[in-house]
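Everything below belongs to input06.tsv, which stores TSV, C-alpha atoms and all ligand atoms.
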```
chain	number	residue	atom	x	y	z
A	1	MET	CA	80.45	50.27	-16.18
A	2	GLU	CA	83.02	49.01	-18.66
A	3	LYS	CA	82.29	45.57	-20.09
A	4	ILE	CA	84.75	42.74	-19.59
A	5	TYR	CA	83.93	39.92	-22.00
A	6	ASP	CA	84.72	36.31	-21.16
A	7	ILE	CA	86.27	35.87	-24.60
A	8	LEU	CA	87.29	38.35	-27.30
A	9	ILE	CA	88.18	37.01	-30.73
A	10	ILE	CA	90.40	39.11	-33.00
A	11	GLY	CA	89.51	38.35	-36.64
A	12	GLY	CA	86.20	37.30	-38.18
A	13	GLY	CA	87.38	34.75	-40.72
A	14	VAL	CA	86.12	31.17	-40.59
A	15	GLY	CA	88.47	30.36	-37.71
A	16	GLY	CA	87.25	33.25	-35.56
A	17	MET	CA	83.57	32.61	-36.36
A	18	SER	CA	83.90	28.89	-35.53
A	19	ALA	CA	85.53	29.67	-32.18
A	20	ALA	CA	82.78	32.20	-31.43
A	21	VAL	CA	80.01	29.66	-32.05
A	22	TYR	CA	81.67	27.05	-29.82
A	23	ALA	CA	82.27	29.49	-26.97
A	24	LYS	CA	78.84	31.16	-27.14
A	25	ARG	CA	77.06	27.80	-27.04
A	26	ARG	CA	78.84	27.19	-23.72
A	27	GLY	CA	77.15	30.27	-22.30
A	28	LYS	CA	80.11	32.66	-22.42
A	29	SER	CA	79.98	36.35	-23.35
A	30	VAL	CA	81.81	36.56	-26.68
A	31	ALA	CA	82.62	39.22	-29.24
A	32	VAL	CA	84.37	39.00	-32.59
A	33	ILE	CA	86.39	42.08	-33.59
A	34	GLU	CA	86.79	42.32	-37.37
A	35	LYS	CA	88.52	45.15	-39.22
A	36	PHE	CA	87.06	44.58	-42.66
A	37	ALA	CA	84.45	41.90	-43.48
A	38	LEU	CA	83.30	38.66	-41.88
A	39	GLY	CA	84.66	35.71	-43.85
A	40	GLY	CA	88.24	36.96	-44.25
A	41	GLN	CA	89.96	35.22	-47.13
A	42	LEU	CA	86.76	33.43	-48.13
A	43	ASN	CA	85.71	36.70	-49.76
A	44	MET	CA	88.50	36.18	-52.31
A	45	ILE	CA	87.70	32.61	-53.37
A	46	ASN	CA	85.74	31.89	-56.54
A	47	GLU	CA	85.23	28.19	-56.01
A	48	ILE	CA	85.70	25.83	-53.05
A	49	GLU	CA	85.51	22.08	-53.65
A	50	ASN	CA	87.05	20.69	-50.47
A	51	PHE	CA	84.86	22.00	-47.66
A	52	PRO	CA	82.95	18.96	-46.34
A	53	SER	CA	79.17	19.07	-46.89
A	54	HIS	CA	79.46	21.39	-49.93
A	55	LYS	CA	80.36	19.75	-53.26
A	56	ASN	CA	81.03	23.14	-54.71
A	57	ILE	CA	80.47	26.62	-53.29
A	58	ASP	CA	81.85	30.13	-53.83
A	59	GLY	CA	83.65	31.84	-50.93
A	60	ILE	CA	81.22	34.73	-50.45
A	61	THR	CA	78.23	32.38	-50.14
A	62	LEU	CA	80.06	30.16	-47.64
A	63	ALA	CA	81.17	33.23	-45.64
A	64	LYS	CA	77.53	34.33	-45.44
A	65	GLU	CA	76.51	30.92	-44.09
A	66	PHE	CA	79.12	31.25	-41.31
A	67	ALA	CA	77.99	34.82	-40.58
A	68	ASP	CA	74.32	33.73	-40.42
A	69	GLN	CA	75.23	31.20	-37.74
A	70	VAL	CA	77.10	33.88	-35.76
A	71	LYS	CA	73.98	36.07	-36.01
A	72	LYS	CA	71.70	33.20	-34.94
A	73	PHE	CA	73.65	32.82	-31.68
A	74	GLU	CA	73.53	36.61	-31.12
A	75	ILE	CA	77.31	36.88	-30.92
A	76	ASP	CA	78.55	40.49	-30.77
A	77	VAL	CA	80.40	41.52	-33.91
A	78	ILE	CA	82.45	44.71	-33.54
A	79	PHE	CA	83.87	46.34	-36.66
A	80	ASP	CA	87.19	47.79	-35.54
A	81	GLU	CA	90.89	47.18	-36.10
A	82	VAL	CA	92.92	46.04	-33.11
A	83	GLN	CA	96.12	48.10	-33.21
A	84	SER	CA	97.90	47.01	-30.03
A	85	VAL	CA	97.39	44.53	-27.22
A	86	ASP	CA	98.39	44.03	-23.60
A	87	PHE	CA	98.28	40.38	-22.55
A	88	SER	CA	100.29	40.80	-19.33
A	89	GLY	CA	97.44	40.94	-16.77
A	90	ASP	CA	94.47	38.71	-15.92
A	91	VAL	CA	92.31	41.17	-17.85
A	92	LYS	CA	93.51	41.31	-21.45
A	93	VAL	CA	93.38	44.72	-23.15
A	94	LEU	CA	92.83	45.21	-26.90
A	95	ASN	CA	93.29	48.74	-28.22
A	96	GLY	CA	91.20	49.26	-31.33
A	97	LYS	CA	91.10	52.23	-33.69
A	98	LYS	CA	87.69	53.21	-32.28
A	99	ASN	CA	87.62	51.75	-28.75
A	100	VAL	CA	89.41	49.78	-26.03
A	101	TYR	CA	88.12	46.24	-25.38
A	102	LYS	CA	88.72	43.96	-22.37
A	103	SER	CA	88.30	40.25	-21.72
A	104	LYS	CA	89.42	37.32	-19.57
A	105	SER	CA	90.61	35.32	-22.60
A	106	VAL	CA	91.58	36.20	-26.17
A	107	ILE	CA	91.50	34.07	-29.30
A	108	ILE	CA	93.69	35.40	-32.11
A	109	ALA	CA	92.34	34.57	-35.58
A	110	THR	CA	93.96	37.30	-37.67
A	111	GLY	CA	94.96	35.03	-40.56
A	112	VAL	CA	97.47	36.09	-43.17
A	113	LYS	CA	97.91	39.29	-45.14
A	114	SER	CA	99.46	40.10	-48.50
A	115	LYS	CA	103.13	40.97	-48.51
A	116	GLU	CA	103.67	44.58	-49.62
A	117	ILE	CA	106.39	45.98	-51.89
A	118	GLY	CA	106.97	48.77	-49.37
A	119	VAL	CA	107.06	51.73	-51.78
A	120	ASN	CA	104.05	54.03	-52.33
A	121	GLU	CA	101.64	51.31	-53.53
A	122	ASN	CA	99.10	51.91	-50.75
A	123	ASP	CA	98.48	55.47	-52.05
A	124	PHE	CA	96.93	53.86	-55.16
A	125	LEU	CA	94.86	51.13	-53.48
A	126	GLY	CA	91.57	50.76	-55.35
A	127	ARG	CA	92.88	53.17	-58.01
A	128	GLY	CA	94.88	50.64	-59.99
A	129	VAL	CA	96.75	48.80	-57.26
A	130	SER	CA	95.32	45.46	-56.15
A	131	PHE	CA	96.54	42.63	-53.94
A	132	CYS	CA	94.16	40.05	-55.45
A	133	ALA	CA	94.20	39.07	-59.12
A	134	VAL	CA	91.28	36.64	-58.64
A	135	CYS	CA	89.09	39.36	-57.07
A	136	ASP	CA	89.89	42.37	-59.27
A	137	ALA	CA	90.85	41.05	-62.73
A	138	ASN	CA	87.38	41.86	-64.03
A	139	PHE	CA	87.91	45.62	-63.50
A	140	TYR	CA	90.79	45.59	-66.00
A	141	LYS	CA	89.19	43.83	-68.98
A	142	GLY	CA	91.07	44.78	-72.16
A	143	LYS	CA	93.66	46.83	-70.19
A	144	ASP	CA	97.45	46.60	-69.89
A	145	VAL	CA	98.49	45.46	-66.43
A	146	CYS	CA	101.66	44.57	-64.53
A	147	VAL	CA	102.18	41.93	-61.86
A	148	ALA	CA	104.82	42.37	-59.14
A	149	SER	CA	106.16	38.91	-58.36
A	150	GLU	CA	108.87	37.21	-56.31
A	151	ASN	CA	110.42	33.94	-57.52
A	152	GLY	CA	107.39	33.00	-59.60
A	153	LYS	CA	104.72	33.75	-56.98
A	154	GLY	CA	102.87	35.94	-59.48
A	155	LEU	CA	102.69	33.34	-62.28
A	156	LYS	CA	99.24	32.03	-61.33
A	157	GLY	CA	97.83	35.55	-61.05
A	158	ALA	CA	99.39	36.51	-64.40
A	159	MET	CA	97.75	33.51	-66.10
A	160	GLU	CA	94.36	34.46	-64.64
A	161	LEU	CA	94.75	38.10	-65.68
A	162	SER	CA	95.74	37.11	-69.23
A	163	GLU	CA	92.24	35.66	-69.76
A	164	LEU	CA	90.71	39.15	-69.48
A	165	CYS	CA	93.44	41.77	-69.94
A	166	ASN	CA	95.01	43.00	-73.17
A	167	SER	CA	98.55	42.44	-71.87
A	168	VAL	CA	100.22	41.28	-68.68
A	169	THR	CA	103.81	42.25	-67.80
A	170	LEU	CA	105.17	39.98	-65.09
A	171	LEU	CA	107.89	41.78	-63.13
A	172	ASP	CA	109.72	39.11	-61.16
A	173	SER	CA	112.56	39.82	-58.74
A	174	GLY	CA	114.12	36.42	-59.47
A	175	ASN	CA	115.11	34.75	-62.72
A	176	LEU	CA	112.16	33.43	-64.74
A	177	SER	CA	114.04	33.03	-68.02
A	178	ALA	CA	113.25	29.26	-68.13
A	179	PHE	CA	109.53	30.01	-67.84
A	180	ALA	CA	109.79	32.83	-70.40
A	181	LYS	CA	111.24	30.37	-72.94
A	182	VAL	CA	108.42	27.85	-72.68
A	183	ASN	CA	105.61	30.33	-72.02
A	184	LYS	CA	103.12	29.93	-74.86
A	185	ASN	CA	100.84	32.71	-73.63
A	186	GLU	CA	101.38	35.60	-76.04
A	187	LYS	CA	99.70	38.06	-73.69
A	188	ILE	CA	102.25	37.55	-70.90
A	189	MET	CA	105.64	39.26	-71.09
A	190	VAL	CA	108.12	38.17	-68.43
A	191	ILE	CA	110.81	40.53	-67.11
A	192	SER	CA	113.30	38.95	-64.68
A	193	ASN	CA	115.43	40.69	-62.03
A	194	ALA	CA	112.78	43.40	-61.87
A	195	SER	CA	111.40	45.32	-58.90
A	196	VAL	CA	108.88	48.14	-58.69
A	197	LYS	CA	110.45	51.30	-57.24
A	198	ARG	CA	107.47	53.66	-57.47
A	199	VAL	CA	103.88	53.80	-58.68
A	200	LEU	CA	103.29	56.89	-60.86
A	201	GLY	CA	100.03	58.63	-61.82
A	202	GLN	CA	97.91	61.74	-61.23
A	203	PHE	CA	94.91	60.05	-59.65
A	204	LYS	CA	95.18	56.42	-60.72
A	205	VAL	CA	98.02	54.17	-61.82
A	206	GLU	CA	99.53	55.36	-65.13
A	207	LYS	CA	103.14	54.16	-65.03
A	208	LEU	CA	105.58	52.23	-62.90
A	209	ALA	CA	109.19	53.14	-62.21
A	210	VAL	CA	110.91	49.76	-62.36
A	211	SER	CA	114.48	48.64	-61.77
A	212	VAL	CA	115.49	45.90	-64.24
A	213	GLY	CA	118.91	44.43	-63.47
A	214	GLY	CA	119.81	47.68	-61.72
A	215	GLN	CA	118.71	49.96	-64.59
A	216	GLU	CA	115.68	52.19	-63.95
A	217	GLN	CA	112.95	52.43	-66.57
A	218	GLU	CA	109.27	53.41	-66.77
A	219	ILE	CA	106.55	51.02	-67.89
A	220	ALA	CA	103.05	52.25	-68.80
A	221	ALA	CA	100.31	50.30	-66.99
A	222	ASP	CA	96.62	50.62	-66.11
A	223	ALA	CA	97.05	48.50	-62.99
A	224	LEU	CA	99.59	46.88	-60.73
A	225	PHE	CA	98.73	43.54	-59.15
A	226	ILE	CA	100.95	42.72	-56.19
A	227	GLU	CA	101.44	38.96	-55.89
A	228	LEU	CA	104.33	38.53	-53.46
A	229	GLY	CA	102.72	35.87	-51.28
A	230	LYS	CA	101.18	35.98	-47.83
A	231	ILE	CA	102.67	36.69	-44.42
A	232	PRO	CA	101.08	36.16	-40.98
A	233	ALA	CA	99.19	39.13	-39.52
A	234	THR	CA	101.19	39.13	-36.28
A	235	ASP	CA	102.90	42.56	-36.15
A	236	ILE	CA	100.84	43.65	-33.13
A	237	PHE	CA	101.77	40.53	-31.15
A	238	LYS	CA	105.56	40.81	-31.52
A	239	GLY	CA	107.24	40.87	-28.11
A	240	GLN	CA	104.13	39.48	-26.37
A	241	LEU	CA	103.88	35.98	-27.86
A	242	ARG	CA	106.25	33.29	-29.06
A	243	LEU	CA	106.40	33.33	-32.88
A	244	ASP	CA	108.13	30.85	-35.20
A	245	ASP	CA	110.94	31.92	-37.57
A	246	GLN	CA	108.38	32.99	-40.19
A	247	GLY	CA	106.31	35.03	-37.74
A	248	PHE	CA	103.44	32.55	-37.18
A	249	ILE	CA	102.16	32.14	-33.59
A	250	VAL	CA	103.33	29.01	-31.78
A	251	THR	CA	100.66	27.10	-29.81
A	252	ASP	CA	100.20	23.79	-28.04
A	253	GLU	CA	97.58	21.27	-29.17
A	254	ARG	CA	94.91	23.17	-27.23
A	255	MET	CA	95.76	26.27	-29.33
A	256	HIS	CA	97.17	27.96	-26.23
A	257	THR	CA	99.99	30.46	-26.93
A	258	SER	CA	102.93	31.45	-24.74
A	259	ALA	CA	100.70	34.02	-22.95
A	260	LYS	CA	98.22	32.93	-20.27
A	261	GLU	CA	94.63	32.66	-21.56
A	262	VAL	CA	95.60	33.71	-25.09
A	263	TYR	CA	94.89	31.28	-27.95
A	264	ALA	CA	95.71	31.39	-31.67
A	265	ILE	CA	93.93	29.59	-34.49
A	266	GLY	CA	93.76	29.19	-38.26
A	267	ASP	CA	96.21	30.57	-40.80
A	268	VAL	CA	98.00	32.80	-38.25
A	269	ARG	CA	99.03	29.78	-36.18
A	270	SER	CA	102.26	27.88	-36.82
A	271	GLY	CA	100.86	24.73	-38.43
A	272	VAL	CA	101.20	22.39	-41.38
A	273	LEU	CA	97.95	22.91	-43.27
A	274	LYS	CA	96.23	26.23	-43.82
A	275	GLN	CA	92.73	25.56	-45.08
A	276	ILE	CA	89.13	26.39	-44.21
A	277	VAL	CA	88.51	23.09	-42.49
A	278	THR	CA	91.66	23.32	-40.33
A	279	ALA	CA	90.86	26.92	-39.31
A	280	CYS	CA	87.39	25.71	-38.22
A	281	SER	CA	88.92	22.79	-36.32
A	282	ASP	CA	91.38	25.09	-34.52
A	283	GLY	CA	88.46	27.41	-33.71
A	284	ALA	CA	86.49	24.54	-32.18
A	285	VAL	CA	89.45	23.52	-29.99
A	286	ALA	CA	90.21	27.07	-28.80
A	287	GLY	CA	86.52	27.90	-28.35
A	288	GLN	CA	86.22	24.87	-26.09
A	289	PHE	CA	89.37	25.36	-23.98
A	290	ALA	CA	88.98	29.13	-23.61
A	291	CYS	CA	85.70	28.35	-21.81
A	292	GLN	CA	87.48	26.52	-19.01
A	293	LYS	CA	88.58	29.78	-17.40
A	301	LIG	C1	92.54	32.70	-53.37
A	301	LIG	C2	92.41	31.71	-52.23
A	301	LIG	C3	91.86	30.45	-52.47
A	301	LIG	C4	91.73	29.52	-51.41
A	301	LIG	N1	91.11	28.32	-51.68
A	301	LIG	C5	90.85	27.46	-50.65
A	301	LIG	C6	90.10	26.26	-50.88
A	301	LIG	O1	89.64	25.98	-51.99
A	301	LIG	N2	89.88	25.44	-49.80
A	301	LIG	C7	90.34	25.73	-48.53
A	301	LIG	O2	90.08	24.97	-47.60
A	301	LIG	N3	91.06	26.87	-48.30
A	301	LIG	C8	91.33	27.74	-49.32
A	301	LIG	N4	92.03	28.90	-49.09
A	301	LIG	C9	92.60	29.12	-47.73
A	301	LIG	C10	91.51	29.55	-46.73
A	301	LIG	O3	90.78	30.62	-47.27
A	301	LIG	C11	92.14	29.94	-45.40
A	301	LIG	O4	92.93	28.88	-44.91
A	301	LIG	C12	91.10	30.30	-44.33
A	301	LIG	O5	90.13	31.17	-44.85
A	301	LIG	C13	91.79	30.91	-43.11
A	301	LIG	O6	90.85	31.39	-42.21
A	301	LIG	P1	91.28	32.25	-40.92
A	301	LIG	O7	90.02	32.50	-40.17
A	301	LIG	O8	92.40	31.57	-40.24
A	301	LIG	O9	91.91	33.60	-41.46
A	301	LIG	P2	91.41	34.73	-42.49
A	301	LIG	O10	90.40	34.22	-43.43
A	301	LIG	O11	92.66	35.32	-43.04
A	301	LIG	O12	90.67	35.79	-41.53
A	301	LIG	C14	91.38	36.67	-40.71
A	301	LIG	C15	90.49	37.86	-40.40
A	301	LIG	O13	91.10	38.66	-39.40
A	301	LIG	C16	90.89	40.03	-39.71
A	301	LIG	N5	91.95	40.78	-39.03
A	301	LIG	C17	93.29	40.69	-39.23
A	301	LIG	N6	93.95	41.52	-38.40
A	301	LIG	C18	92.99	42.16	-37.66
A	301	LIG	C19	93.06	43.15	-36.63
A	301	LIG	N7	94.23	43.65	-36.20
A	301	LIG	N8	91.89	43.60	-36.07
A	301	LIG	C20	90.69	43.09	-36.49
A	301	LIG	N9	90.58	42.16	-37.48
A	301	LIG	C21	91.71	41.69	-38.04
A	301	LIG	C22	90.98	40.08	-41.23
A	301	LIG	O14	90.34	41.22	-41.76
A	301	LIG	C23	90.28	38.77	-41.61
A	301	LIG	O15	88.90	38.96	-41.83
A	301	LIG	C24	92.19	29.85	-50.10
A	301	LIG	C25	92.74	31.12	-49.87
A	301	LIG	C26	92.85	32.04	-50.91
A	301	LIG	C27	93.44	33.42	-50.64
```
Please, can you express the file's structure as structure tokens?
Amino acid sequence: MEKIYDILIIGGGVGGMSAAVYAKRRGKSVAVIEKFALGGQLNMINEIENFPSHKNIDGITLAKEFADQVKKFEIDVIFDEVQSVDFSGDVKVLNGKKNVYKSKSVIIATGVKSKEIGVNENDFLGRGVSFCAVCDANFYKGKDVCVASENGKGLKGAMELSELCNSVTLLDSGNLSAFAKVNKNEKIMVISNASVKRVLGQFKVEKLAVSVGGQEQEIAADALFIELGKIPATDIFKGQLRLDDQGFIVTDERMHTSAKEVYAIGDVRSGVLKQIVTACSDGAVAGQFACQK
């Protein structure tokens, strides 16, 4: 017989794991569906200083502590990517890549994802293209790298990369001439009004076709770091839930969305502060109220 969970949670970041612990302790059948790795964004953080009870901890260690607690309560963790949803009936349907899942309530904890350029960058993922300077800088020690940036969003990443790489070319779609004038970092070259048109290479990144002020040119590079900011992971909920003008899910103070028995928590929710502690707090609230069904 097909299983209908009391509560399915989409996303195994800190928000999703917190909600799962709250709901499971109330005796509900709960599963977390995660497409990549438990911990979500925590897996990209070198150092956390503002999570209460830990003076200083790295993201991977903290993620493991959350995951250990999920394991202790014997919460089902399903590794799959939810690709579409149907929230219209009393039984909610989540269509994953591998399976279909059903539940009485759903908690959405899908967080945020990196904004893409929208050319062929995904063909070179892990072969020179990265969406996380903090995570992957180490692989390009002594190499020449480029950063795709929008109105200065890539500056922080460029600074971090310059500590390890031979050279960093910051390709910004806006005008960073003021920064370029005062920039004392000899390893960073800033090019304004620039956008990446294509990633070029046989197997890995070798060159970039770039438009600079409307003129196309090629720039040799060992890697391209894409630092265009984050957007909410809500594509699969469009048309089913009320979203704000930036695409975040709108909820009430109980984390309830515009669809019956569907909750949203953490970074994906329209809210003022997006941090670990607020994602956990949202998870506690949703975990509690989803149990009232
Ligand atoms: C570099 C960096 C440094 C940071 N530093 C701090 C800090 O020092 N202190 C602090 O408090 N916060 C910090 N943050 C912010 C903090 O990490 C986030 O606010 C928090 O982790 C959000 O948790 P979340 O559970 O809402 O979402 P996420 O961590 O984004 O988790 C969402 C999860 O959902 C999964 N998912 C998405 N879509 C699907 C789908 N369709 N199917 C299945 N699974 C899906 C993803 O794979 C992911 O695991 C930092 C973030 C970054 C990137």
Query raised in the report: Which is closer to Phe248 in chain A than all the others in A:Gly287, A:Gly11, A:Gly111, A:Gly59, using only C-alpha atoms?
Result: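 Result for the nearest residue to Phe248 in chain A: A:Gly111.
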Report task. Select, from A:Glu216, A:Glu121, A:Asp244, A:Asp235, the residue with the minimum atom-to-atom distance to Thr257 in chain A, counting only C-alpha atoms. Result -> A:Asp244
Query raised in the report: Nearest to ligand LIG 301 (chain A) among A:Ile48, A:Val205, A:Val106, A:Ile4, with distances taken over only C-alpha atoms and all ligand atoms: which residue is it?
Result: A:Ile48
Requested in this report: With a distance cut-off of 10 Å and only C-alpha atoms, select the neighbouring residues of Cys132 in chain A, excluding the residue or stretch itself and same-chain residues fewer than 6 positions from it, and output the selection as a VMD selection string.
Outcome: chain A and resid 44 114 157 225 to 227
Keeping only C-alpha atoms, take the residues you just selected and write them out as a PDB file, in the frame of the given file.
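Saved the output as result-v1.pdb:
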```pdb
ATOM      1  CA  MET A  44      88.500  36.180 -52.310  1.00  0.00           C
ATOM      2  CA  SER A 114      99.460  40.100 -48.500  1.00  0.00           C
ATOM      3  CA  GLY A 157      97.830  35.550 -61.050  1.00  0.00           C
ATOM      4  CA  PHE A 225      98.730  43.540 -59.150  1.00  0.00           C
ATOM      5  CA  ILE A 226     100.950  42.720 -56.190  1.00  0.00           C
ATOM      6  CA  GLU A 227     101.440  38.960 -55.890  1.00  0.00           C
TER       7      GLU A 227
END
```
Query raised in the report: Which protein, DNA or RNA residues have an atom at most 12 Å from (91.1, 24.8, -42.5), counting all atoms listed in the file? List them as an MDAnalysis selection string.
Result: chainID A and resid 13:16 18 41:42 48 50:52 111 265:269 271:284
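Between CA of Phe79 in chain A and CA of Glu253 in chain A lies a distance of 29.5 Å.
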Query raised in the report: Taking all atoms listed in the file into account, which of A:Leu170, A:Val93, A:Leu241, A:Ile10 comes nearest ligand LIG 301 (chain A)?
Result: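 Under the stated criterion, the closest residue is A:Ile10.
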Residues of range 64-174 of chain A that approach range 188-200 of chain A to 12 Å or less, counting only C-alpha atoms: could you list each one with the shortest pair of atoms and its distance in Å to one decimal, rows by chain and increasing residue number, as CSV?
```
residue,atom,partner,partner_atom,distance
A:Glu116,CA,A:Val196,CA,11.0
A:Ile117,CA,A:Val196,CA,7.6
A:Gly118,CA,A:Lys197,CA,9.0
A:Val119,CA,A:Arg198,CA,6.0
A:Asn120,CA,A:Arg198,CA,6.2
A:Glu121,CA,A:Val199,CA,6.1
A:Asn122,CA,A:Val199,CA,9.5
A:Asp123,CA,A:Val199,CA,8.7
A:Phe124,CA,A:Val199,CA,7.8
A:Leu125,CA,A:Val199,CA,10.7
A:Arg127,CA,A:Val199,CA,11.0
A:Gly128,CA,A:Val199,CA,9.6
A:Val129,CA,A:Val199,CA,8.8
A:Asp144,CA,A:Ile188,CA,10.3
A:Val145,CA,A:Ile188,CA,9.8
A:Cys146,CA,A:Met189,CA,9.3
A:Val147,CA,A:Val190,CA,9.6
A:Ala148,CA,A:Val196,CA,7.1
A:Ser149,CA,A:Ser195,CA,8.3
A:Glu150,CA,A:Ser195,CA,8.9
A:Asn151,CA,A:Ser192,CA,9.2
A:Gly152,CA,A:Ser192,CA,9.8
A:Gly154,CA,A:Val190,CA,10.6
A:Leu155,CA,A:Val190,CA,9.5
A:Lys156,CA,A:Ile188,CA,11.5
A:Gly157,CA,A:Ile188,CA,11.0
A:Ala158,CA,A:Ile188,CA,7.2
A:Met159,CA,A:Ile188,CA,7.7
A:Glu160,CA,A:Ile188,CA,10.5
A:Leu161,CA,A:Ile188,CA,9.2
A:Ser162,CA,A:Ile188,CA,6.7
A:Glu163,CA,A:Ile188,CA,10.3
A:Leu164,CA,A:Ile188,CA,11.7
A:Cys165,CA,A:Ile188,CA,9.8
A:Asn166,CA,A:Ile188,CA,9.3
A:Ser167,CA,A:Ile188,CA,6.2
A:Val168,CA,A:Ile188,CA,4.8
A:Thr169,CA,A:Met189,CA,4.8
A:Leu170,CA,A:Val190,CA,4.8
A:Leu171,CA,A:Ile191,CA,5.1
A:Asp172,CA,A:Ser192,CA,5.0
A:Ser173,CA,A:Asn193,CA,4.5
A:Gly174,CA,A:Asn193,CA,5.1
```
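Put simply, CA of Gly229 in chain A is 27.0 Å away from CA of Ala67 in chain A.
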Report task. Record the distance separating CA of Lys3 in chain A and CA of Val91 in chain A, expressed in Å with one decimal. Result ->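 Straight-line distance from CA of Lys3 in chain A to CA of Val91 in chain A works out to 11.2 Å.
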Requested in this report: Would you list the contacts of Val32 in chain A as a ChimeraX atom specification, taking every protein, DNA or RNA residue within 8 Å and counting all atoms listed in the file, but skipping same-chain residues closer than 5 positions in sequence?
Outcome: /A:8-12,16-17,20,75-78
Would you list the contacts of Asp6 in chain A as a short mmCIF file (atom, residue, chain, number, x, y, z; two decimals) with C-alpha atoms, keeping the file's coordinate frame, taking every protein, DNA or RNA residue within 10 Å and counting all atoms listed in the file, but skipping same-chain residues closer than 4 positions in sequence?
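Final file, out_27.cif:
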```
data_model
loop_
_atom_site.label_atom_id
_atom_site.label_comp_id
_atom_site.auth_asym_id
_atom_site.auth_seq_id
_atom_site.Cartn_x
_atom_site.Cartn_y
_atom_site.Cartn_z
CA ALA A 23 82.27 29.49 -26.97
CA LYS A 24 78.84 31.16 -27.14
CA GLY A 27 77.15 30.27 -22.30
CA LYS A 28 80.11 32.66 -22.42
CA SER A 29 79.98 36.35 -23.35
CA VAL A 30 81.81 36.56 -26.68
CA ALA A 31 82.62 39.22 -29.24
CA VAL A 91 92.31 41.17 -17.85
CA LYS A 102 88.72 43.96 -22.37
CA SER A 103 88.30 40.25 -21.72
CA LYS A 104 89.42 37.32 -19.57
CA SER A 105 90.61 35.32 -22.60
CA VAL A 106 91.58 36.20 -26.17
CA ALA A 290 88.98 29.13 -23.61
CA CYS A 291 85.70 28.35 -21.81
CA LYS A 293 88.58 29.78 -17.40
#
```
Query raised in the report: If we count only C-alpha atoms, what is near Met255 in chain A at a cut-off of 6 Å, once residues fewer than 5 positions away on the same chain are taken out, given as a list in words?
Result: Tyr263, Ala264 and Ala286 of chain A
Query - Residue nearest ligand LIG 301 (chain A) - candidates A:Ser130, A:Asn43, A:Gln288, A:Gln217, atoms counted: all atoms listed in the file - result: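 For ligand LIG 301 (chain A), the nearest of the candidates is A:Asn43.
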Report task. Compare A:Leu176, A:Val262, A:Ala37, A:Ala19 by their minimum atom-to-atom distance to ligand LIG 301 (chain A), counting all atoms listed in the file, and give me the closest one. Result -> A:Ala37
Kindly list the centre and edge lengths in Å, rounded to one decimal, for the axis-aligned box that covers all listed atoms of ligand LIG 301 (chain A) plus 3 Å on each of its six sides, as AutoDock Vina command-line options.
```
--center_x 91.6 --center_y 34.3 --center_z -44.7 --size_x 11.3 --size_y 24.7 --size_z 23.3
```
